[in-house]
>>> print(open('final_10.txt').read())   # compact mmCIF, C-alpha atoms
# COMPACT_ATOMS: atom_id res chain seq x y z
CA MET A 4 0.00 0.00 0.00
CA THR A 5 1.29 3.43 -0.91
CA HIS A 6 0.84 5.90 1.93
CA ALA A 7 2.25 8.76 -0.15
CA LEU A 8 -0.72 8.72 -2.54
CA ARG A 9 -2.50 12.03 -2.02
CA LEU A 10 -6.20 11.99 -2.85
CA ARG A 11 -8.55 14.89 -3.43
CA PHE A 12 -12.21 14.13 -2.72
CA GLN A 13 -14.93 16.17 -4.38
CA VAL A 14 -18.68 16.05 -4.67
CA ASP A 15 -19.10 15.05 -8.30
CA ASP A 16 -21.84 16.08 -10.74
CA LEU A 17 -21.39 12.89 -12.80
CA GLU A 18 -20.86 14.87 -15.99
CA GLY A 19 -17.19 14.14 -16.71
CA ASP A 20 -16.13 11.42 -19.12
CA ALA A 21 -13.82 9.75 -16.58
CA ILE A 22 -16.48 9.43 -13.89
CA ARG A 23 -19.10 8.25 -16.38
CA ALA A 24 -16.67 5.57 -17.57
CA LEU A 25 -15.99 4.43 -13.99
CA VAL A 26 -19.72 4.24 -13.20
CA ALA A 27 -20.20 2.18 -16.39
CA ARG A 28 -17.27 -0.08 -15.39
CA HIS A 29 -18.82 -0.51 -11.95
CA LEU A 30 -22.21 -1.48 -13.41
CA ARG A 31 -20.62 -3.93 -15.86
CA GLY A 32 -18.72 -5.55 -12.99
CA MET A 33 -21.86 -5.94 -10.92
CA HIS A 34 -23.69 -7.59 -13.85
CA GLU A 35 -20.71 -9.90 -14.57
CA HIS A 36 -20.93 -11.45 -11.10
CA SER A 37 -24.62 -11.32 -10.16
CA PRO A 38 -27.92 -12.00 -11.95
CA PRO A 39 -29.81 -8.84 -13.00
CA GLU A 40 -32.41 -9.11 -10.24
CA SER A 41 -29.59 -9.17 -7.66
CA VAL A 42 -27.76 -6.07 -8.92
CA HIS A 43 -28.53 -3.08 -6.69
CA ALA A 44 -25.91 -0.69 -8.09
CA LEU A 45 -27.23 2.74 -9.01
CA ASP A 46 -27.03 4.06 -12.56
CA LEU A 47 -26.25 7.70 -13.36
CA SER A 48 -29.84 8.90 -13.01
CA ARG A 49 -30.31 7.20 -9.63
CA LEU A 50 -26.96 8.51 -8.39
CA ARG A 51 -28.38 12.00 -8.96
CA ASP A 52 -31.21 11.41 -6.47
CA PRO A 53 -31.27 14.25 -3.89
CA ALA A 54 -30.87 11.66 -1.10
CA VAL A 55 -27.50 10.59 -2.59
CA THR A 56 -24.19 12.43 -2.28
CA PHE A 57 -21.64 11.17 -4.79
CA TRP A 58 -17.89 11.72 -4.50
CA SER A 59 -14.98 11.14 -6.81
CA ALA A 60 -11.41 10.78 -5.53
CA TRP A 61 -8.53 12.08 -7.62
CA ALA A 62 -4.79 11.44 -7.51
CA SER A 63 -3.43 14.47 -9.30
CA ASN A 64 -5.51 14.51 -12.52
CA ALA A 65 -6.34 10.80 -12.50
CA LEU A 66 -9.67 9.47 -11.27
CA ALA A 67 -8.85 6.98 -8.51
CA ALA A 68 -12.24 6.05 -7.01
CA MET A 69 -15.89 6.84 -6.50
CA GLY A 70 -18.35 6.35 -3.70
CA ALA A 71 -21.74 7.55 -2.53
CA LEU A 72 -23.75 8.00 0.63
CA LYS A 73 -27.52 7.61 0.50
CA GLN A 74 -29.52 9.12 3.36
CA LEU A 75 -31.99 6.42 4.47
CA ASP A 76 -33.52 8.46 7.29
CA GLY A 77 -32.37 10.93 9.92
CA ALA A 78 -29.98 8.48 11.58
CA ARG A 79 -28.99 5.96 8.90
CA GLY A 80 -27.01 6.06 5.71
CA GLU A 81 -26.24 3.50 3.02
CA ILE A 82 -22.91 3.23 1.24
CA LYS A 83 -23.46 2.95 -2.51
CA SER A 84 -21.32 2.68 -5.65
CA MET A 85 -17.92 2.19 -4.05
CA ARG A 86 -15.42 1.46 -6.81
CA VAL A 87 -11.68 1.92 -7.21
CA ALA A 88 -10.33 2.55 -10.70
CA ASP A 89 -8.38 -0.49 -11.89
CA ALA A 90 -5.07 1.42 -12.03
CA PHE A 91 -5.37 2.23 -8.31
CA LEU A 92 -6.34 -1.19 -6.92
CA GLY A 93 -4.29 -2.34 -3.93
CA ARG A 94 -3.06 1.13 -3.03
CA GLY A 95 -5.39 1.96 -0.12
CA VAL A 96 -7.74 4.06 -2.23
CA GLY A 97 -10.85 2.03 -1.35
CA ARG A 98 -10.06 2.36 2.35
CA ALA A 99 -9.56 6.12 1.92
CA MET A 100 -12.92 6.48 0.14
CA LEU A 101 -14.66 4.43 2.82
CA GLU A 102 -13.07 6.56 5.57
CA HIS A 103 -14.20 9.71 3.75
CA ILE A 104 -17.80 8.48 3.55
CA VAL A 105 -17.83 7.36 7.20
CA ALA A 106 -16.47 10.73 8.32
CA GLU A 107 -19.12 12.55 6.30
CA ALA A 108 -21.87 10.36 7.75
CA ARG A 109 -20.65 11.17 11.27
CA ARG A 110 -20.51 14.87 10.41
CA ARG A 111 -24.15 14.66 9.30
CA GLY A 112 -25.13 13.10 12.63
CA MET A 113 -25.82 9.59 11.34
CA THR A 114 -25.50 6.81 13.90
CA SER A 115 -25.25 3.80 11.59
CA LEU A 116 -24.19 2.89 8.09
CA TRP A 117 -25.52 0.04 6.00
CA LEU A 118 -24.50 -1.60 2.74
CA GLU A 119 -25.27 -4.39 0.34
CA THR A 120 -22.55 -6.09 -1.65
CA GLY A 121 -22.27 -9.23 -3.71
CA SER A 122 -21.50 -12.73 -2.46
CA ALA A 123 -19.49 -13.99 -5.46
CA PRO A 124 -15.71 -14.46 -5.05
CA ALA A 125 -15.11 -11.22 -7.01
CA PHE A 126 -16.55 -9.31 -4.03
CA THR A 127 -14.12 -10.80 -1.47
CA PRO A 128 -11.77 -7.76 -1.48
CA ALA A 129 -14.74 -5.46 -0.77
CA LEU A 130 -15.98 -7.73 2.03
CA ARG A 131 -12.54 -7.73 3.63
CA LEU A 132 -12.36 -3.93 3.39
CA TYR A 133 -15.74 -3.51 5.08
CA GLU A 134 -14.99 -6.09 7.77
CA ARG A 135 -11.64 -4.45 8.60
CA ALA A 136 -13.46 -1.12 8.91
CA GLY A 137 -15.84 -2.59 11.50
CA PHE A 138 -18.88 -3.57 9.43
CA VAL A 139 -20.67 -6.75 10.50
CA ARG A 140 -23.02 -8.95 8.53
CA CYS A 141 -26.72 -8.50 9.11
CA GLY A 142 -30.01 -9.28 7.44
CA PRO A 143 -31.68 -7.29 4.67
CA PHE A 144 -32.59 -3.69 5.46
CA ASP A 145 -35.05 -1.22 3.97
CA ASP A 146 -36.39 -2.59 0.65
CA TYR A 147 -33.82 -5.39 0.29
CA VAL A 148 -34.85 -9.04 0.58
CA GLU A 149 -32.88 -12.22 1.34
CA ASP A 150 -30.83 -13.10 -1.72
CA PRO A 151 -28.02 -15.65 -2.05
CA PHE A 152 -26.17 -13.16 -4.27
CA SER A 153 -26.23 -10.39 -1.61
CA ILE A 154 -24.41 -9.81 1.65
CA PHE A 155 -25.78 -7.12 3.96
CA MET A 156 -23.62 -5.30 6.48
CA THR A 157 -23.96 -2.54 9.07
CA MET A 158 -21.83 -0.52 11.45
CA ARG A 159 -22.62 1.83 14.34
CA ILE A 160 -20.74 5.10 13.95
>>> encode(input="final_10.txt", output="structure tokens")
Amino acid sequence: MTHALRLRFQVDDLEGDAIRALVARHLRGMHEHSPPESVHALDLSRLRDPAVTFWSAWASNALAAMGALKQLDGARGEIKSMRVADAFLGRGVGRAMLEHIVAEARRRGMTSLWLETGSAPAFTPALRLYERAGFVRCGPFDDYVEDPFSIFMTMRI
């Protein structure tokens, strides 16, 4: 892991070519490893929902990652659309994005975070990241239902 990598986080309007390409890459990856009815990733229009704040992370002029926080209610948030650009995998960028989202959720007064991720082997690095950050497995929340292709997690913050 490179500790010297300096990231700049910004709320993103989803208009740039680089971020649109990373969102498309994220959606393709979700569909490669889960059946369509088990893909809960948000497309561009749903990422623009007023309840969602979307960030991009940049290393100099290169897009390194993306992530979003969806306000579920006054006390709970859901992590959505976490993805590290392929060129930045294994460099601590995913952890940095997760820490950024958790800090923002705390700043907003949220008391818990929730997420859904896939259960296929391709999702193992994400599961490890979330577990190391303190997330624990739980049952479905909000509109989610039990699904063998989904893993649900939560964390008190």
>>> closest_residue(input="final_10.txt", among="A:Asp150, A:Val26, A:Pro143, A:Leu8", to="A:Gly93", atoms="all atoms listed in the file")
A:Leu8
>>> closest_atom_pairs(input="final_10.txt", of="stretch 71-94 of chain A", to="stretch 120-141 of chain A", cutoff="10 Å", atoms="only C-alpha atoms", output="Markdown table")
| residue | atom | partner | partner_atom | distance |
| --- | --- | --- | --- | --- |
| A:Ile82 | CA | A:Thr120 | CA | 9.8 |
| A:Lys83 | CA | A:Thr120 | CA | 9.1 |
| A:Ser84 | CA | A:Thr120 | CA | 9.7 |
| A:Met85 | CA | A:Ala129 | CA | 8.9 |
| A:Arg86 | CA | A:Ala129 | CA | 9.2 |
| A:Gly93 | CA | A:Pro128 | CA | 9.6 |
>>> atom_distance(input="final_10.txt", atom1="atom CA of A:Gly70", atom2="atom CA of A:Phe57")
5.9 Å
>>> residues_near_point(input="final_10.txt", point="(-25.8, -11.2, -6.0)", cutoff="12 Å", atoms="all atoms listed in the file", output="ChimeraX atom specification")
/A:32-44,119-126,147-155
>>> atom_distance(input="final_10.txt", atom1="atom CA of A:Met113", atom2="atom CA of A:Met158")
10.9 Å
>>> closest_residue(input="final_10.txt", among="A:Asp46, A:Ser63, A:Leu17, A:Arg98", to="A:Arg31", atoms="only C-alpha atoms")
A:Asp46
>>> residues_around(input="final_10.txt", residues="A:Ala21", least_positions_apart="2", cutoff="10 Å", atoms="all atoms listed in the file", output="number ranges by chain")
A: 17-19, 23-27, 59, 65-67, 88
>>> atom_distance(input="final_10.txt", atom1="atom CA of A:Glu107", atom2="atom CA of A:Arg49")
20.2 Å
>>> residues_around(input="final_10.txt", residues="A:Gly95", least_positions_apart="4", cutoff="12 Å", atoms="only C-alpha atoms", output="list in words")
Met4, Thr5, His6, Ala7, Leu8, Arg9, Leu10, Ala60, Ala67, Ala68, Val87, Ala88, Ala90, Phe91, Ala99, Met100, Leu101, Glu102, Pro128, Ala129 and Leu132 of chain A
>>> closest_residue(input="final_10.txt", among="A:Val14, A:Glu81, A:Leu30, A:Asp20", to="A:Arg51", atoms="only C-alpha atoms")
A:Val14
>>> closest_residue(input="final_10.txt", among="A:Trp61, A:Arg79, A:Leu118, A:Asp89", to="A:Gly142", atoms="only C-alpha atoms")
A:Leu118
